[in-house]
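Okay, data.txt is below, compact mmCIF, C-alpha atoms:
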```txt
# COMPACT_ATOMS: atom_id res chain seq x y z
CA MET Q 29 0.00 0.00 0.00
CA SER Q 30 1.78 3.12 -1.22
CA GLY Q 31 2.40 5.89 1.31
CA SER Q 32 1.13 3.81 4.22
CA ARG Q 33 2.58 2.07 7.20
CA CYS Q 34 1.57 -1.17 8.87
CA ILE Q 35 0.85 -1.57 12.56
CA LEU Q 36 0.42 -5.16 13.69
CA VAL Q 37 -2.87 -6.17 15.26
CA ALA Q 38 -1.08 -6.63 18.58
CA LEU Q 39 -0.38 -2.90 18.69
CA ILE Q 40 -3.89 -1.63 18.07
CA ILE Q 41 -5.64 -0.18 21.08
CA GLY Q 42 -8.87 -1.37 22.62
CA VAL Q 43 -8.84 -5.14 22.13
CA VAL Q 44 -9.35 -6.59 25.60
CA ALA Q 45 -10.75 -9.95 26.67
CA LEU Q 46 -13.98 -9.59 28.63
CA SER Q 47 -15.29 -13.12 29.09
CA GLY Q 48 -15.33 -13.67 32.83
CA CYS Q 49 -13.87 -10.20 33.55
CA VAL Q 50 -16.59 -9.59 36.13
CA MET Q 51 -17.46 -12.83 37.84
CA ASP Q 52 -21.09 -13.96 37.92
CA GLY Q 53 -21.50 -14.45 41.64
CA SER Q 54 -19.46 -17.59 42.12
CA THR Q 55 -16.06 -17.43 43.73
CA SER Q 56 -15.02 -20.84 42.47
CA THR Q 57 -12.21 -21.35 40.00
CA PRO Q 58 -12.96 -22.32 36.36
CA SER Q 59 -13.79 -25.98 35.92
CA PRO Q 60 -11.14 -28.29 34.41
CA SER Q 61 -13.51 -29.13 31.54
CA SER Q 62 -13.44 -25.56 30.28
CA PRO Q 63 -9.97 -24.22 31.04
CA VAL Q 64 -9.16 -20.56 30.62
CA THR Q 65 -6.12 -20.08 28.40
CA PRO Q 66 -5.35 -16.38 28.24
CA THR Q 67 -2.65 -15.17 25.86
CA GLN Q 68 -1.30 -11.66 26.36
CA THR Q 69 0.83 -9.69 23.92
CA SER Q 70 2.00 -6.15 24.51
CA PHE Q 71 -1.57 -4.99 24.09
CA VAL Q 72 -3.98 -7.75 23.08
CA ILE Q 73 -5.39 -10.25 25.51
CA VAL Q 74 -7.19 -13.23 23.99
CA GLU Q 75 -9.09 -15.45 26.35
CA ASN Q 76 -11.02 -18.56 25.36
CA GLU Q 77 -13.96 -18.92 27.68
CA GLU Q 78 -17.64 -19.70 27.31
CA VAL Q 79 -19.78 -16.57 27.01
CA ILE Q 80 -21.84 -16.03 30.17
CA PRO Q 81 -25.60 -15.69 29.50
CA ALA Q 82 -27.42 -12.43 30.19
CA PRO Q 83 -28.24 -11.93 33.90
CA VAL Q 84 -31.62 -12.85 35.35
CA LEU Q 85 -32.85 -10.40 37.96
CA THR Q 86 -33.76 -11.92 41.31
CA PRO Q 87 -35.41 -10.45 44.39
CA VAL Q 88 -33.19 -8.33 46.61
CA THR Q 89 -31.64 -10.28 49.44
CA THR Q 90 -30.21 -8.95 52.66
CA THR Q 91 -26.53 -9.67 53.13
CA THR Q 92 -24.94 -10.31 56.50
CA PRO Q 93 -22.60 -7.44 57.47
CA THR Q 94 -18.93 -8.35 57.54
CA PRO Q 95 -17.79 -8.52 61.20
CA GLU Q 96 -15.15 -6.13 62.44
CA PRO Q 97 -11.75 -7.69 61.79
CA THR Q 98 -9.39 -8.86 64.46
CA ILE Q 99 -6.19 -7.15 63.36
CA PRO Q 100 -3.08 -9.31 63.71
CA PRO Q 101 0.05 -7.83 65.30
CA VAL Q 102 2.52 -6.05 63.03
CA ALA Q 103 5.03 -8.87 63.47
CA GLU Q 104 2.57 -11.24 61.74
CA LEU Q 105 1.58 -8.82 59.01
CA GLU Q 106 5.06 -7.70 58.01
CA ILE Q 107 6.50 -11.07 57.06
CA GLY Q 108 7.63 -11.90 53.55
CA LYS Q 109 8.71 -8.38 52.65
CA ARG Q 110 9.57 -7.81 49.01
CA LYS Q 111 10.33 -4.71 46.98
CA GLN Q 112 8.26 -4.43 43.79
CA SER Q 113 8.47 -1.98 40.89
CA TYR Q 114 5.57 -0.72 38.80
CA PRO Q 115 5.96 1.08 35.45
CA TYR Q 116 3.91 4.09 34.39
CA THR Q 117 4.01 6.73 31.65
CA THR Q 118 2.84 10.34 31.81
CA ARG Q 119 3.61 13.11 29.34
CA SER Q 120 6.02 10.89 27.35
CA LEU Q 121 8.10 10.08 30.43
CA SER Q 122 8.21 6.42 31.47
CA GLN Q 123 9.31 5.66 35.02
CA TYR Q 124 9.00 3.08 37.80
CA LEU Q 125 7.47 3.42 41.23
CA TYR Q 126 8.85 1.18 44.01
CA TYR Q 127 6.71 -0.24 46.78
CA ASN Q 128 7.23 -2.83 49.53
CA THR Q 129 4.60 -5.57 49.85
CA TYR Q 130 4.20 -8.20 52.56
CA THR Q 131 3.04 -11.80 52.35
CA GLY Q 132 1.49 -11.44 55.81
CA VAL Q 133 -0.77 -8.55 54.77
CA ASN Q 134 -1.80 -10.35 51.59
CA SER Q 135 -2.64 -13.56 53.50
CA TYR Q 136 -4.75 -11.60 55.97
CA LEU Q 137 -6.79 -10.02 53.18
CA GLN Q 138 -7.19 -13.26 51.23
CA GLU Q 139 -9.01 -14.75 54.19
CA ARG Q 140 -11.36 -11.77 54.46
CA TYR Q 141 -12.76 -11.23 50.97
CA PRO Q 142 -16.55 -10.96 51.25
CA ASP Q 143 -19.02 -13.16 49.40
CA ARG Q 144 -20.76 -11.37 46.56
CA PRO Q 145 -24.47 -10.67 47.20
CA THR Q 146 -26.87 -13.32 45.92
CA ASP Q 147 -28.57 -10.57 43.93
CA PHE Q 148 -25.40 -9.55 42.11
CA TYR Q 149 -27.26 -7.44 39.56
CA ASN Q 150 -28.89 -5.11 42.07
CA ALA Q 151 -26.98 -1.82 42.34
CA ALA Q 152 -28.17 -1.15 45.90
CA SER Q 153 -26.63 -4.38 47.21
CA LEU Q 154 -23.49 -4.02 45.09
CA GLU Q 155 -22.59 -0.61 46.49
CA GLY Q 156 -22.17 -1.97 50.01
CA TYR Q 157 -20.36 -5.03 48.71
CA TYR Q 158 -17.69 -3.10 46.82
CA ARG Q 159 -17.24 -0.52 49.57
CA GLN Q 160 -15.98 -3.34 51.82
CA TYR Q 161 -12.99 -3.64 49.53
CA VAL Q 162 -11.94 -0.04 50.09
CA SER Q 163 -12.54 0.22 53.84
CA ASP Q 164 -10.32 -2.42 55.43
CA PRO Q 165 -8.13 -0.70 58.08
CA VAL Q 166 -5.11 -2.99 57.60
CA GLN Q 167 -5.15 -2.39 53.86
CA LYS Q 168 -5.37 1.38 54.36
CA LYS Q 169 -2.29 1.41 56.58
CA TYR Q 170 -0.14 -0.30 53.96
CA LEU Q 171 -1.57 1.37 50.86
CA ASP Q 172 -0.90 4.79 52.40
CA ASP Q 173 2.79 4.17 51.60
CA LEU Q 174 1.99 3.70 47.90
CA ILE Q 175 -0.17 6.81 47.79
CA GLU Q 176 2.49 8.92 49.53
CA ASN Q 177 5.04 7.67 47.02
CA ILE Q 178 2.79 8.84 44.18
CA ARG Q 179 2.26 12.21 45.88
CA ASP Q 180 6.03 12.67 46.07
CA ARG Q 181 6.24 12.42 42.25
CA SER Q 182 4.37 15.69 41.62
CA ASP Q 183 3.06 18.77 43.39
CA LEU Q 184 -0.02 18.84 41.11
CA PRO Q 185 -3.06 16.79 42.16
CA GLN Q 186 -4.06 16.04 38.55
CA GLU Q 187 -0.58 14.72 37.72
CA ARG Q 188 -0.70 12.45 40.74
CA ALA Q 189 -4.00 11.06 39.48
CA ARG Q 190 -2.51 10.49 36.02
CA ILE Q 191 0.43 8.60 37.54
CA ALA Q 192 -1.89 6.39 39.61
CA ILE Q 193 -4.10 5.56 36.64
CA SER Q 194 -1.21 4.75 34.30
CA LEU Q 195 0.53 2.64 36.95
CA ILE Q 196 -2.53 0.50 37.60
CA GLN Q 197 -3.40 0.21 33.90
CA HIS Q 198 0.09 -1.23 33.36
CA ILE Q 199 -0.47 -4.03 35.88
CA PRO Q 200 -1.03 -7.15 33.74
CA TYR Q 201 -4.61 -8.33 33.16
CA THR Q 202 -5.29 -11.79 34.60
CA VAL Q 203 -8.49 -13.70 35.37
CA THR Q 204 -8.60 -14.22 39.15
CA SER Q 205 -10.49 -16.83 41.19
CA HIS Q 206 -12.12 -14.27 43.47
CA THR Q 207 -12.46 -10.51 43.69
CA TYR Q 208 -9.13 -9.11 44.82
CA TYR Q 209 -8.69 -6.47 47.47
CA PRO Q 210 -6.72 -3.48 46.12
CA TYR Q 211 -3.64 -4.62 48.05
CA GLU Q 212 -3.88 -8.12 46.53
CA VAL Q 213 -3.67 -6.65 43.02
CA LEU Q 214 -0.39 -4.91 43.88
CA TYR Q 215 1.00 -7.92 45.71
CA SER Q 216 0.27 -10.36 42.87
CA ASN Q 217 0.92 -7.79 40.11
CA SER Q 218 -2.24 -9.00 38.36
CA GLY Q 219 -5.99 -8.61 38.26
CA LYS Q 220 -9.08 -8.62 36.09
CA CYS Q 221 -11.12 -5.54 35.23
CA GLU Q 222 -13.12 -5.71 38.46
CA ASP Q 223 -10.03 -5.97 40.68
CA LYS Q 224 -8.09 -3.20 38.95
CA SER Q 225 -11.10 -0.87 38.85
CA ILE Q 226 -11.55 -1.21 42.61
CA LEU Q 227 -7.84 -0.49 43.13
CA ILE Q 228 -7.93 2.69 41.04
CA ALA Q 229 -11.15 3.80 42.75
CA TYR Q 230 -9.49 3.31 46.13
CA VAL Q 231 -6.30 5.21 45.29
CA LEU Q 232 -8.08 8.14 43.65
CA SER Q 233 -10.62 8.35 46.48
CA GLN Q 234 -7.72 8.66 48.94
CA MET Q 235 -6.40 11.48 46.74
CA GLY Q 236 -9.70 13.30 47.19
CA TYR Q 237 -11.49 12.48 43.94
CA GLY Q 238 -15.06 11.32 43.43
CA THR Q 239 -15.08 7.77 42.06
CA ALA Q 240 -17.51 5.12 40.89
CA LEU Q 241 -17.44 1.69 39.28
CA LEU Q 242 -19.02 1.44 35.81
CA LEU Q 243 -20.54 -2.03 35.50
CA TYR Q 244 -21.58 -3.20 32.02
CA TYR Q 245 -23.79 -6.21 32.66
CA PRO Q 246 -24.27 -7.63 29.13
CA GLU Q 247 -20.56 -7.34 28.30
CA HIS Q 248 -19.42 -8.56 31.75
CA HIS Q 249 -17.03 -5.65 32.02
CA MET Q 250 -16.13 -3.06 34.63
CA ALA Q 251 -14.31 0.27 34.28
CA LEU Q 252 -13.59 3.22 36.55
CA GLY Q 253 -15.84 6.24 36.69
CA LEU Q 254 -13.85 9.35 37.63
CA LYS Q 255 -15.81 12.45 38.57
CA CYS Q 256 -15.26 15.08 35.85
CA PRO Q 257 -16.99 17.89 33.91
CA LYS Q 258 -20.20 16.61 32.32
CA GLN Q 259 -19.17 17.51 28.76
CA PHE Q 260 -16.43 14.86 28.94
CA SER Q 261 -18.37 12.28 30.93
CA ILE Q 262 -20.04 9.03 29.92
CA ASN Q 263 -23.72 9.58 29.08
CA ASN Q 264 -23.57 13.03 30.69
CA SER Q 265 -23.32 11.30 34.07
CA GLY Q 266 -20.56 13.43 35.54
CA TYR Q 267 -18.20 10.42 35.54
CA CYS Q 268 -15.50 9.97 32.91
CA PHE Q 269 -14.85 6.48 31.55
CA VAL Q 270 -11.42 5.10 32.47
CA GLU Q 271 -10.44 1.67 31.11
CA THR Q 272 -8.45 -0.27 33.70
CA THR Q 273 -7.37 -3.51 32.02
CA THR Q 274 -4.67 -1.98 29.83
CA PRO Q 275 -2.96 1.39 29.16
CA THR Q 276 -5.55 3.66 27.56
CA ILE Q 277 -6.33 7.38 27.38
CA MET Q 278 -8.95 8.54 29.86
CA THR Q 279 -12.43 8.96 28.25
CA PHE Q 280 -11.57 6.62 25.34
CA ASN Q 281 -14.35 4.02 25.30
CA ASN Q 282 -14.55 3.00 21.63
CA GLY Q 283 -12.28 -0.01 21.87
CA THR Q 284 -13.25 -3.40 20.46
CA TYR Q 285 -13.46 -6.17 23.03
CA THR Q 286 -12.80 -9.84 22.30
CA GLY Q 287 -16.02 -11.81 21.89
CA VAL Q 288 -18.15 -8.73 22.57
CA GLY Q 289 -17.24 -5.92 20.19
CA ARG Q 290 -17.83 -2.39 21.45
CA LEU Q 291 -19.48 -1.54 24.77
CA LYS Q 292 -23.09 -0.85 23.81
CA SER Q 293 -25.01 -1.13 27.06
CA GLN Q 294 -25.62 1.65 29.58
CA PRO Q 295 -23.37 1.11 32.60
CA GLU Q 296 -24.69 0.75 36.12
CA ILE Q 297 -22.95 3.43 38.21
CA ILE Q 298 -21.84 2.13 41.61
CA ARG Q 299 -20.60 5.09 43.61
CA ILE Q 300 -17.55 4.47 45.78
CA SER Q 301 -16.53 7.92 47.05
CA ASP Q 302 -17.63 11.53 46.99
CA GLY Q 303 -14.91 14.00 46.22
CA ASN Q 304 -13.36 16.43 43.79
CA SER Q 305 -13.88 16.51 40.05
CA PHE Q 306 -10.93 15.95 37.70
CA GLU Q 307 -11.38 19.32 36.00
CA GLN Q 308 -8.35 19.06 33.67
CA MET Q 309 -9.91 16.36 31.47
CA GLU Q 310 -9.97 18.36 28.23
CA GLU Q 311 -6.44 17.31 27.26
CA GLU Q 312 -7.22 13.58 27.61
CA TYR Q 313 -10.59 14.02 25.92
CA THR Q 314 -8.97 15.71 22.91
CA ASP Q 315 -6.31 12.99 22.65
CA ALA Q 316 -8.94 10.25 22.99
CA GLN Q 317 -10.91 11.78 20.13
CA ALA Q 318 -7.73 11.87 18.03
CA LEU Q 319 -7.09 8.21 18.81
CA ASP Q 320 -10.63 7.33 17.78
CA THR Q 321 -10.12 9.14 14.47
CA VAL Q 322 -6.92 7.18 13.85
CA MET Q 323 -8.66 3.89 14.61
CA ARG Q 324 -11.48 4.65 12.21
CA SER Q 325 -8.99 5.44 9.44
CA ALA Q 326 -7.26 2.06 9.67
CA VAL Q 327 -7.47 -0.35 6.72
CA PHE Q 328 -7.64 -4.03 7.66
CA ASN Q 329 -6.46 -6.90 5.49
CA ALA Q 330 -4.99 -10.38 5.89
CA THR Q 331 -1.47 -9.15 6.62
CA GLY Q 332 -2.17 -6.47 9.20
CA ILE Q 333 -3.65 -3.06 9.86
CA TYR Q 334 -2.51 -0.12 7.75
CA LEU Q 335 -2.44 3.59 8.47
CA ASP Q 336 -1.37 6.44 6.24
CA THR Q 337 1.69 8.41 7.30
CA ILE Q 338 -0.23 11.19 9.08
CA ASN Q 339 -2.27 8.79 11.21
CA TYR Q 340 0.74 6.57 11.84
CA ASN Q 341 2.65 9.56 13.23
CA GLN Q 342 -0.36 10.55 15.32
CA ILE Q 343 -0.69 7.17 16.98
CA ALA Q 344 3.09 7.03 17.50
CA TYR Q 345 2.83 10.38 19.34
CA LEU Q 346 -0.05 9.15 21.52
CA ASN Q 347 1.76 5.91 22.21
CA LYS Q 348 4.82 7.75 23.48
CA LYS Q 349 2.77 10.21 25.53
CA TYR Q 350 0.64 7.58 27.31
CA GLY Q 351 2.64 4.36 26.99
CA LEU Q 352 -0.28 2.71 25.20
CA PHE Q 353 1.63 -0.27 23.87
CA ASP Q 354 3.99 -0.86 26.77
CA SER Q 355 4.07 -4.41 28.06
CA GLY Q 356 4.91 -3.13 31.52
CA SER Q 357 5.30 -5.49 34.42
CA SER Q 358 6.55 -5.24 37.95
CA SER Q 359 9.46 -7.09 39.43
CA SER Q 360 10.22 -8.12 42.96
CA GLY Q 361 13.33 -8.76 44.92
```

Could you render the structure as structure tokens?
Amino acid sequence: MSGSRCILVALIIGVVALSGCVMDGSTSTPSPSSPVTPTQTSFVIVENEEVIPAPVLTPVTTTTPTPEPTIPPVAELEIGKRKQSYPYTTRSLSQYLYYNTYTGVNSYLQERYPDRPTDFYNAASLEGYYRQYVSDPVQKKYLDDLIENIRDRSDLPQERARIAISLIQHIPYTVTSHTYYPYEVLYSNSGKCEDKSILIAYVLSQMGYGTALLLYYPEHHMALGLKCPKQFSINNSGYCFVETTTPTIMTFNNGTYTGVGRLKSQPEIIRISDGNSFEQMEEEYTDAQALDTVMRSAVFNATGIYLDTINYNQIAYLNKKYGLFDSGSSSSG
């Protein structure tokens, strides 16, 4: 193709596996007869799993409140210390953030994860369920170190939020057997859309922002809702769409998802925290619109995806600015 350049499918934004991304109420692992075999490239995740049927609404049930935890002594919590590094990219600068995790803290949280409400598809019951994941006192103590580390990277609140979002987007997507606490995502350096969305909601809420979880029932997908000016928000809701499974520009929600296509349903908004609006969203919104234009200009054929020189240069610029195609992972030692 004269005057064009090829970008491999693996480098095109917005292809994310969704089957089983939000679990359907069971905390059991996948059965051996239908194994999950995810394959992850630098950007594409392909997961072979049976499509879950559309939810059937059931009467609201009352869940038993989670009892107040008995907090173990510090000597038990702070065993198995390891230093981990997490990549992130903001304004074309890629860096690592270092954070100590503990096997003792992770083990404590693993034993406390709450059972999902029987009526999983009722927003009123879900709000209380997900809030349990962001209110554990042991978790708060140890995640404060991560948040302070992010705060030390910039004096500007909006830049701190950008760092947090990019860092968590770069944590590899993995199907998990139960809903992870935010700390568990960092400890294991992995998580599905539900787990990573809760983690970002927690961190940004501690930074003073209003947050919500955007739950797409038919597509079995979850994203972050970040409080923002209505003109940039999803469905004029006052919450901007933030994909959490992979590095993506805030407000970009026109990706194509494996086995699902585009997100077409109206998300259920599960509010996690009240707080400030991210008022500086115009820059991301403009870049997300540019990315969407590039994607729509692509020509697909059997050998790859082709862009003309102008659009190729545009996506290269956005890639560098946001780290869209980084295969970032954390290390421990």

Here atom CA of Q:Phe269 and atom CA of Q:Phe148 stand apart by 21.9 Å

Just want the 8 Å neighbourhood of Q:Asp320, counted on all atoms listed in the file, with same-chain residues fewer than 3 positions away dropped. Output as a PDB file with C-alpha atoms, in the coordinates of the input.
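To be explicit, this is the file written out as selection_17.pdb:
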```
ATOM      1  CA  PHE Q 280     -11.570   6.620  25.340  1.00  0.00           C
ATOM      2  CA  ASN Q 282     -14.550   3.000  21.630  1.00  0.00           C
ATOM      3  CA  ALA Q 316      -8.940  10.250  22.990  1.00  0.00           C
ATOM      4  CA  GLN Q 317     -10.910  11.780  20.130  1.00  0.00           C
ATOM      5  CA  MET Q 323      -8.660   3.890  14.610  1.00  0.00           C
ATOM      6  CA  ARG Q 324     -11.480   4.650  12.210  1.00  0.00           C
TER       7      ARG Q 324
END
```

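Our summary of the geometry notes that atom CA of Q:Lys348 is positioned 27.8 Å from atom CA of Q:Pro210.
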
Using only C-alpha atoms, the best pick from Q:Pro145, Q:Gly253, Q:Gly351, Q:Pro100 as closest to Q:Phe306 would be Q:Gly253

Residues of stretch 113-179 of chain Q that have any atom at most 9 Å from an atom of stretch 231-241 of chain Q: could you tabulate them with the shortest-distance atom pair and the distance in Å to one decimal, using all atoms listed in the file, ordered by chain and increasing number, as a Markdown table?
```
| residue | atom | partner | partner_atom | distance |
| --- | --- | --- | --- | --- |
| Q:Tyr158 | CA | Q:Leu241 | CA | 8.9 |
| Q:Leu171 | CA | Q:Val231 | CA | 8.3 |
| Q:Asp172 | CA | Q:Gln234 | CA | 8.6 |
| Q:Leu174 | CA | Q:Val231 | CA | 8.8 |
| Q:Ile175 | CA | Q:Val231 | CA | 6.8 |
| Q:Arg179 | CA | Q:Met235 | CA | 8.7 |
```

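Atom pair atom CA of Q:Gln342 / atom CA of Q:Tyr116 has a distance of 20.6 Å (rounded to one decimal).
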
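Nearest residue to Q:Asn177 among Q:Leu125, Q:Asp223, Q:Cys49, Q:His248 is Q:Leu125, counting all atoms listed in the file.
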
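Using all atoms listed in the file, the nearest neighbour of Q:Tyr136 within the list Q:Leu105, Q:Ala344, Q:Ser293, Q:Gly303 is Q:Leu105.
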
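Ranking Q:Asn341, Q:Thr273, Q:Gln160, Q:Asn217 by their shortest atom-to-atom distance to Q:Ser113, with only C-alpha atoms included, puts Q:Asn217 first.
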